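With compact mmCIF, C-alpha atoms inside, this is coords_31.txt:
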```txt
# COMPACT_ATOMS: atom_id res chain seq x y z
CA MET A 104 0.00 0.00 0.00
CA GLU A 105 2.97 2.33 -0.05
CA GLY A 106 2.49 5.29 -2.37
CA TYR A 107 -0.22 7.68 -3.51
CA PHE A 108 -3.84 6.75 -4.13
CA THR A 109 -6.99 8.48 -5.29
CA VAL A 110 -9.88 7.61 -2.98
CA GLN A 111 -13.61 7.76 -3.65
CA TYR A 112 -15.99 7.16 -0.73
CA LYS A 113 -19.59 5.96 -1.07
CA PHE A 114 -21.94 5.91 1.90
CA THR A 115 -23.75 2.58 2.33
CA GLY A 116 -25.70 2.95 5.55
CA ALA A 117 -25.84 3.63 9.29
CA SER A 118 -27.34 1.76 12.22
CA PHE A 119 -28.16 2.54 15.85
CA PRO A 120 -27.60 -0.66 17.87
CA GLN A 121 -28.81 0.91 21.14
CA GLY A 122 -31.45 3.19 19.64
CA LYS A 123 -31.52 6.83 18.63
CA ASN A 124 -32.82 8.04 21.99
CA ILE A 125 -29.34 8.09 23.51
CA LEU A 126 -27.81 10.22 20.77
CA SER A 127 -26.16 13.42 21.88
CA ILE A 128 -24.24 16.24 20.23
CA ARG A 129 -21.30 14.67 22.06
CA THR A 130 -21.66 11.47 20.05
CA ALA A 131 -18.95 11.12 17.40
CA SER A 132 -20.36 12.15 13.99
CA ALA A 133 -23.43 13.86 15.46
CA GLY A 134 -21.84 17.14 14.41
CA LEU A 135 -19.80 17.88 11.31
CA GLY A 136 -16.10 17.29 11.85
CA THR A 137 -16.49 15.54 15.21
CA CYS A 138 -15.24 12.22 13.79
CA LEU A 139 -12.31 12.63 11.41
CA SER A 140 -12.56 9.02 10.24
CA LEU A 141 -15.85 10.02 8.55
CA PRO A 142 -16.29 13.79 9.02
CA ASN A 143 -19.80 13.83 7.54
CA VAL A 144 -21.67 10.56 8.06
CA GLY A 145 -24.35 9.98 5.45
CA TYR A 146 -22.57 12.02 2.78
CA SER A 147 -21.00 10.53 -0.34
CA PRO A 148 -18.36 13.03 -1.51
CA ARG A 149 -18.80 14.18 -5.10
CA SER A 150 -15.10 14.16 -5.76
CA ALA A 151 -12.20 11.87 -4.98
CA PHE A 152 -9.17 12.97 -3.01
CA ALA A 153 -5.54 11.95 -2.70
CA VAL A 154 -4.08 9.90 0.16
CA ARG A 155 -0.54 8.83 0.87
CA PHE A 156 0.97 5.88 2.70
CA SER A 157 4.65 5.66 3.56
CA ALA A 158 6.79 2.79 4.79
CA LYS A 159 9.17 2.39 7.67
CA ASN A 160 11.83 -0.24 7.08
CA ASN A 161 13.12 -2.61 9.71
CA ASP A 162 16.32 -0.59 9.83
CA GLY A 163 14.28 2.38 11.08
CA ASN A 164 14.62 4.48 7.93
CA ASP A 165 11.74 5.94 5.98
CA SER A 166 11.67 4.91 2.34
CA ASP A 167 11.14 8.50 1.24
CA GLU A 168 12.57 7.88 -2.21
CA ASN A 169 9.56 5.69 -2.97
CA TRP A 170 6.64 7.74 -1.73
CA ASN A 171 8.04 11.02 -2.95
CA SER A 172 8.55 9.74 -6.49
CA GLY A 173 5.74 7.18 -6.58
CA GLY A 174 8.31 4.59 -7.67
CA ASN A 175 8.03 0.85 -7.14
CA PRO A 176 5.91 0.81 -3.96
CA SER A 177 5.29 -2.32 -1.93
CA ASP A 178 1.73 -3.59 -1.66
CA GLY A 179 1.72 -6.02 1.21
CA PHE A 180 3.45 -7.41 4.26
CA CYS A 181 4.61 -10.77 2.93
CA ASP A 182 8.21 -9.75 2.39
CA GLY A 183 8.58 -8.65 6.00
CA GLY A 184 10.84 -5.80 4.93
CA SER A 185 8.65 -2.83 5.76
CA ALA A 186 5.43 -1.76 7.42
CA VAL A 187 3.16 0.86 5.89
CA TYR A 188 1.74 3.74 7.90
CA GLU A 189 -0.74 6.47 7.04
CA ASP A 190 0.63 9.97 6.49
CA LEU A 191 -1.74 11.85 8.80
CA ALA A 192 -0.53 15.34 7.87
CA TYR A 193 -1.19 14.62 4.21
CA ASN A 194 -4.44 12.63 4.45
CA TYR A 195 -6.53 14.18 7.21
CA PRO A 196 -6.81 17.74 5.84
CA ARG A 197 -7.87 16.37 2.45
CA ARG A 198 -10.42 14.05 4.02
CA LEU A 199 -11.98 16.82 6.11
CA GLU A 200 -12.28 19.21 3.16
CA THR A 201 -13.70 16.51 0.88
CA PHE A 202 -16.40 15.44 3.33
CA TRP A 203 -17.07 19.03 4.43
CA PRO A 204 -16.60 21.27 1.37
CA ASP A 205 -17.33 24.43 3.39
CA ALA A 206 -14.33 23.76 5.63
CA LYS A 207 -10.84 25.00 4.84
CA VAL A 208 -7.82 23.63 6.72
CA LEU A 209 -5.40 26.39 7.68
CA ALA A 210 -2.66 24.56 9.62
CA VAL A 211 -1.67 21.06 10.68
CA GLN A 212 0.65 19.52 13.30
CA THR A 213 1.52 15.95 14.30
CA ASN A 214 3.57 14.27 17.02
CA GLY A 215 5.68 12.51 14.42
CA GLY A 216 9.12 11.59 15.70
CA ASN A 217 8.14 12.05 19.35
CA ASP A 218 6.09 8.94 20.02
CA ALA A 219 6.83 5.22 20.13
CA MET A 220 4.87 3.51 17.38
CA GLN A 221 4.17 -0.10 16.56
CA ILE A 222 3.05 -0.91 13.04
CA GLY A 223 2.69 -4.53 12.04
CA ASN A 224 5.61 -6.42 13.55
CA VAL A 225 7.98 -3.45 13.44
CA ARG A 226 8.60 -1.42 16.57
CA TRP A 227 10.72 1.64 17.06
CA PRO A 228 12.12 2.48 20.50
CA LYS A 229 10.97 5.39 22.59
CA GLN A 230 13.11 8.46 22.84
CA ASP A 231 15.99 8.44 25.32
CA GLN A 232 15.34 9.68 28.84
CA ALA A 233 16.27 13.23 27.99
CA LYS A 234 13.48 13.31 25.41
CA THR A 235 10.83 11.34 27.29
CA LYS A 236 8.94 14.48 28.26
CA GLN A 237 8.73 15.47 24.60
CA ARG A 238 6.91 12.34 23.41
CA GLN A 239 3.56 14.09 23.07
CA LEU A 240 4.88 17.42 21.77
CA LEU A 241 3.54 18.52 18.42
CA SER A 242 5.56 19.52 15.41
CA PRO A 243 5.70 23.14 14.26
CA LYS A 244 2.62 24.28 12.37
CA CYS A 245 2.48 23.62 8.64
CA PHE A 246 0.31 26.34 7.13
CA VAL A 247 -1.85 26.17 4.03
CA THR A 248 0.38 28.87 2.55
CA GLY A 249 3.28 26.40 2.61
CA ASP A 250 5.08 28.16 5.46
CA GLY A 251 6.63 25.76 7.94
CA CYS A 252 6.03 22.72 5.75
CA THR A 253 9.42 21.90 4.23
CA SER A 254 11.48 18.96 5.45
CA ARG A 255 14.07 21.38 6.79
CA GLU A 256 11.55 23.44 8.76
CA ASN A 257 9.40 20.50 9.85
CA PRO A 258 11.40 17.24 9.54
CA ASP A 259 9.00 15.04 11.56
CA LEU A 260 5.67 16.28 10.24
CA HIS A 261 5.18 13.20 8.01
CA SER A 262 6.78 10.64 10.35
CA PRO A 263 4.69 7.88 11.97
CA SER A 264 2.26 9.68 14.27
CA SER A 265 -0.38 8.89 16.85
CA ARG A 266 -1.71 12.44 17.17
CA ILE A 267 -2.74 15.20 14.77
CA ARG A 268 -4.03 18.70 15.39
CA MET A 269 -5.66 20.82 12.69
CA GLU A 270 -6.85 24.40 12.58
CA PHE A 271 -9.57 25.12 10.07
CA GLU A 272 -12.20 27.64 9.15
CA ALA A 273 -15.79 26.44 8.79
CA PRO A 274 -19.38 27.63 9.30
CA THR A 275 -21.08 27.34 12.69
CA ARG A 276 -24.78 27.38 13.56
CA ARG A 277 -24.68 30.57 15.60
CA SER A 278 -21.56 32.54 14.76
CA GLY A 279 -21.02 32.22 11.02
CA ARG A 280 -17.62 31.14 9.78
CA MET A 281 -15.09 30.72 12.55
CA ARG A 282 -11.55 29.55 13.00
CA GLN A 283 -11.71 26.21 14.83
CA SER A 284 -9.39 23.42 15.89
CA THR A 285 -9.56 19.67 16.38
CA ASP A 286 -7.05 17.39 18.10
CA VAL A 287 -7.16 13.64 17.45
CA THR A 288 -5.22 11.00 19.37
CA LEU A 289 -4.83 7.36 18.39
CA PHE A 290 -5.01 5.18 21.51
CA VAL A 291 -4.92 1.67 20.09
CA GLN A 292 -4.07 0.20 16.68
CA ARG A 293 -4.57 -3.46 15.86
CA ARG A 294 -3.47 -4.74 12.48
CA SER A 295 -4.50 -8.06 10.98
CA ALA A 296 -2.21 -9.02 8.10
CA THR A 297 -2.93 -12.27 6.31
CA ALA A 298 -0.57 -15.23 6.28
CA ALA A 299 2.70 -15.02 4.36
CA GLY A 300 3.16 -17.40 1.47
CA ASN A 301 -0.34 -16.98 0.10
CA GLU A 302 -0.27 -14.57 -2.82
CA GLU A 303 -3.96 -13.71 -2.57
CA ASP A 304 -3.79 -13.12 1.17
CA CYS A 305 -0.71 -10.94 0.82
CA ASN A 306 -2.86 -8.41 -1.01
CA SER A 307 -5.37 -7.87 1.80
CA PHE A 308 -5.36 -6.79 5.42
CA GLY A 309 -7.46 -5.11 8.07
CA VAL A 310 -6.78 -2.53 10.76
CA VAL A 311 -8.75 -1.35 13.79
CA LYS A 312 -7.98 2.04 15.37
CA THR A 313 -9.44 3.60 18.51
CA TYR A 314 -9.48 7.40 18.75
CA SER A 315 -10.28 10.27 21.05
CA GLN A 316 -11.02 13.63 19.43
CA TRP A 317 -11.20 17.06 21.05
CA ASN A 318 -12.93 19.97 19.31
CA GLU A 319 -11.80 22.89 21.42
CA GLU A 320 -14.17 25.67 20.41
CA GLN A 321 -17.25 23.44 20.79
CA ASP A 322 -15.91 21.96 24.05
CA ILE A 323 -16.71 18.49 22.70
CA GLN A 324 -14.72 15.31 23.19
CA THR A 325 -15.70 12.26 21.15
CA PHE A 326 -14.62 8.62 21.15
CA TYR A 327 -14.83 6.22 18.23
CA GLU A 328 -13.34 3.14 16.61
CA GLU A 329 -12.45 2.86 12.94
CA ILE A 330 -12.49 -0.57 11.30
CA SER A 331 -10.99 -0.68 7.80
CA THR A 332 -10.26 -3.49 5.37
CA TYR A 333 -8.25 -3.27 2.14
CA LYS A 334 -7.91 -5.69 -0.75
CA LEU A 335 -5.77 -5.28 -3.86
CA LEU A 336 -7.73 -6.18 -6.99
CA ASP A 337 -5.28 -7.71 -9.43
CA ASN A 338 -7.89 -8.38 -12.11
CA ALA A 339 -9.63 -5.03 -12.23
CA ARG A 340 -10.10 -4.85 -15.98
CA GLY A 341 -13.60 -5.43 -17.22
CA LYS A 342 -15.08 -4.54 -13.83
CA GLY A 343 -15.32 -0.80 -14.29
CA LEU A 344 -12.10 -0.33 -12.35
CA GLU A 345 -9.58 0.12 -15.15
CA LYS A 346 -6.60 2.23 -14.18
CA GLU A 347 -3.40 2.91 -16.05
CA ASN A 348 -1.16 1.37 -13.40
CA GLY A 349 -3.59 -1.42 -12.49
CA ARG A 350 -3.28 -0.83 -8.74
CA ILE A 351 -6.86 -0.81 -7.52
CA ILE A 352 -7.63 -1.29 -3.84
CA LEU A 353 -11.15 -1.99 -2.64
CA GLY A 354 -11.63 -0.59 0.84
CA ASN A 355 -14.38 -0.69 3.44
CA THR A 356 -14.49 1.62 6.44
CA ARG A 357 -16.87 1.33 9.37
CA VAL A 358 -16.92 3.63 12.37
CA ALA A 359 -18.36 2.76 15.77
CA ALA A 360 -19.18 5.72 18.02
CA PHE A 361 -18.97 5.41 21.79
CA LEU A 362 -20.47 7.69 24.41
CA PRO A 363 -18.91 7.32 27.88
CA LYS A 364 -21.36 8.23 30.63
CA PHE A 365 -19.06 10.87 32.07
CA VAL A 366 -19.32 12.61 28.68
CA LYS A 367 -23.07 12.08 28.45
CA ALA A 368 -23.48 13.63 31.90
CA LEU A 369 -22.13 16.92 30.51
CA ASP A 370 -25.42 17.34 28.66
CA ASN A 371 -27.28 17.50 31.99
CA ASP A 372 -29.54 14.74 30.69
CA ARG A 373 -31.19 17.14 28.25
CA THR A 374 -30.93 14.83 25.26
CA LEU A 375 -32.04 11.58 26.87
CA LYS A 376 -35.72 12.25 26.09
CA GLY A 377 -37.03 11.03 29.41
CA GLY A 378 -34.37 8.39 29.95
CA ASP A 379 -31.44 8.32 32.31
CA LEU A 380 -27.74 7.66 32.12
CA GLY A 381 -28.31 3.98 32.86
CA ASP A 382 -30.36 3.38 29.71
CA TYR A 383 -27.43 2.25 27.58
CA ILE A 384 -24.17 0.30 27.69
CA GLU A 385 -21.26 2.71 27.37
CA GLU A 386 -18.80 -0.01 26.32
CA GLU A 387 -20.86 -0.77 23.20
CA ALA A 388 -21.39 1.29 20.06
```

For this file, write the structure as structure tokens.
Amino acid sequence: MEGYFTVQYKFTGASFPQGKNILSIRTASAGLGTCLSLPNVGYSPRSAFAVRFSAKNNDGNDSDENWNSGGNPSDGFCDGGSAVYEDLAYNYPRRLETFWPDAKVLAVQTNGGNDAMQIGNVRWPKQDQAKTKQRQLLSPKCFVTGDGCTSRENPDLHSPSSRIRMEFEAPTRRSGRMRQSTDVTLFVQRRSATAAGNEEDCNSFGVVKTYSQWNEEQDIQTFYEEISTYKLLDNARGKGLEKENGRIILGNTRVAAFLPKFVKALDNDRTLKGGDLGDYIEEEA
């Protein structure tokens, strides 16, 4: 999966396992931009957008020469030589603007280079003791103007990251267009790569990610889990999926929203419609 891809999302449905009566504005996806995995649930974007995946080799070096040039990327995990990670600084602003066309991202930061990450079977050590306190520090801001975005100014912006913060301008219900910010932290990532030695299996995998998101201006914290599967379609021709390079990946993304009761309590029970905080199971979607 290393390299650049053009992604087109299509909404297929939503369900409410515990009923709609427990929904709150503090539920992930209840408001626009409160769930960056799917910033506008129910919307099928009219246009595609670009995403980028990079690879970290077992020797600890990024394979920048591949994802910068688009040359000879690796599509699976069977060779054991590298593990692919999502470039948050590249992908998240494009996803937000595609799902919410009225939003414009102004600046982005990540904690790339400051956090221990585990991707697949590859693990990179934490910083030494002198840098332990910096593990959650964010990179300098990369602005939409291009300021602060070069590799010299911001060397870790595109490194493996477990946190991203974005500033953006978007409409609000009461105050018109406002400058806003959102801060997303990845708590848990579980990757399921298929068995080595099977060519078909080497072209598919799944990943589950658990997030917490903080929208500062709205004073809203949301919790959700993103479940994604990817499969490389080798025989795409004749199926309406013809592409010049033949690399077509069929993906499926599901998001489960969770509403901890300590968060629900912040609504002063106004949205429970006669219920109480004990009416639902907070550990379930």

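Take the candidates A:Ala117, A:Leu336, A:Ile323, A:Val208 and check each one against A:Arg129 using all atoms listed in the file; the shortest distance goes to A:Ile323.
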
**Request:** Write out as a ChimeraX atom specification which residues come within 12 Å of A:Glu256 when counting all atoms listed in the file, dropping same-chain ones fewer than 6 positions away.
**Result:** /A:242-246,249-250

**Prompt:** Between atom CA of A:Phe308 and atom CA of A:Asp286, what is the spacing in Å?
**Reply:** 27.4 Å

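For the pair atom CA of A:Ser331 and atom CA of A:Arg294, the separation is 9.7 Å.
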
**Request:** Would you work out the distance separating atom CA of A:Arg282 from atom CA of A:Gln321, expressed in Å to one decimal?
**Result:** 11.4 Å

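Shortest atom-to-atom contact with A:Gly134 among A:Thr253, A:Ser284, A:Ser147, A:Thr275: A:Thr275, counting only C-alpha atoms.
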
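With all atoms listed in the file taken into account, the protein and nucleic acid residues at most 9 Å from A:Ala151 (excluding it and anything under 5 positions from it in its own chain) are Thr109, Val110, Gln111, Tyr112 and Thr201 of chain A.
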
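Using only C-alpha atoms, the nearest neighbour of A:Pro142 within the list A:Gln121, A:Thr285, A:Thr313, A:Ser262 is A:Thr285.
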
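Nearest to A:Gly309 of all the residues A:Met281, A:Leu353, A:Leu289, A:Cys252 is A:Leu353, based on all atoms listed in the file.
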
**Item:** Spatial neighbours of A:Thr288, max dist 6 Å, all atoms listed in the file, sep filter under 2 positions, as a ChimeraX atom specification
**Value:** /A:265-266,314-315

**Asked** Which residues come within 8 Å of A:Glu272, counting only C-alpha atoms, excluding same-chain residues fewer than 2 positions away, as an NGL selection string?
**Response** :A and (206-209 or 270 or 274 or 280-283)

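In terms of minimum interatomic distance to A:Ser157, A:Gly106 ranks closest within A:Gly354, A:Gly215, A:Pro363, A:Gly106, counting only C-alpha atoms.
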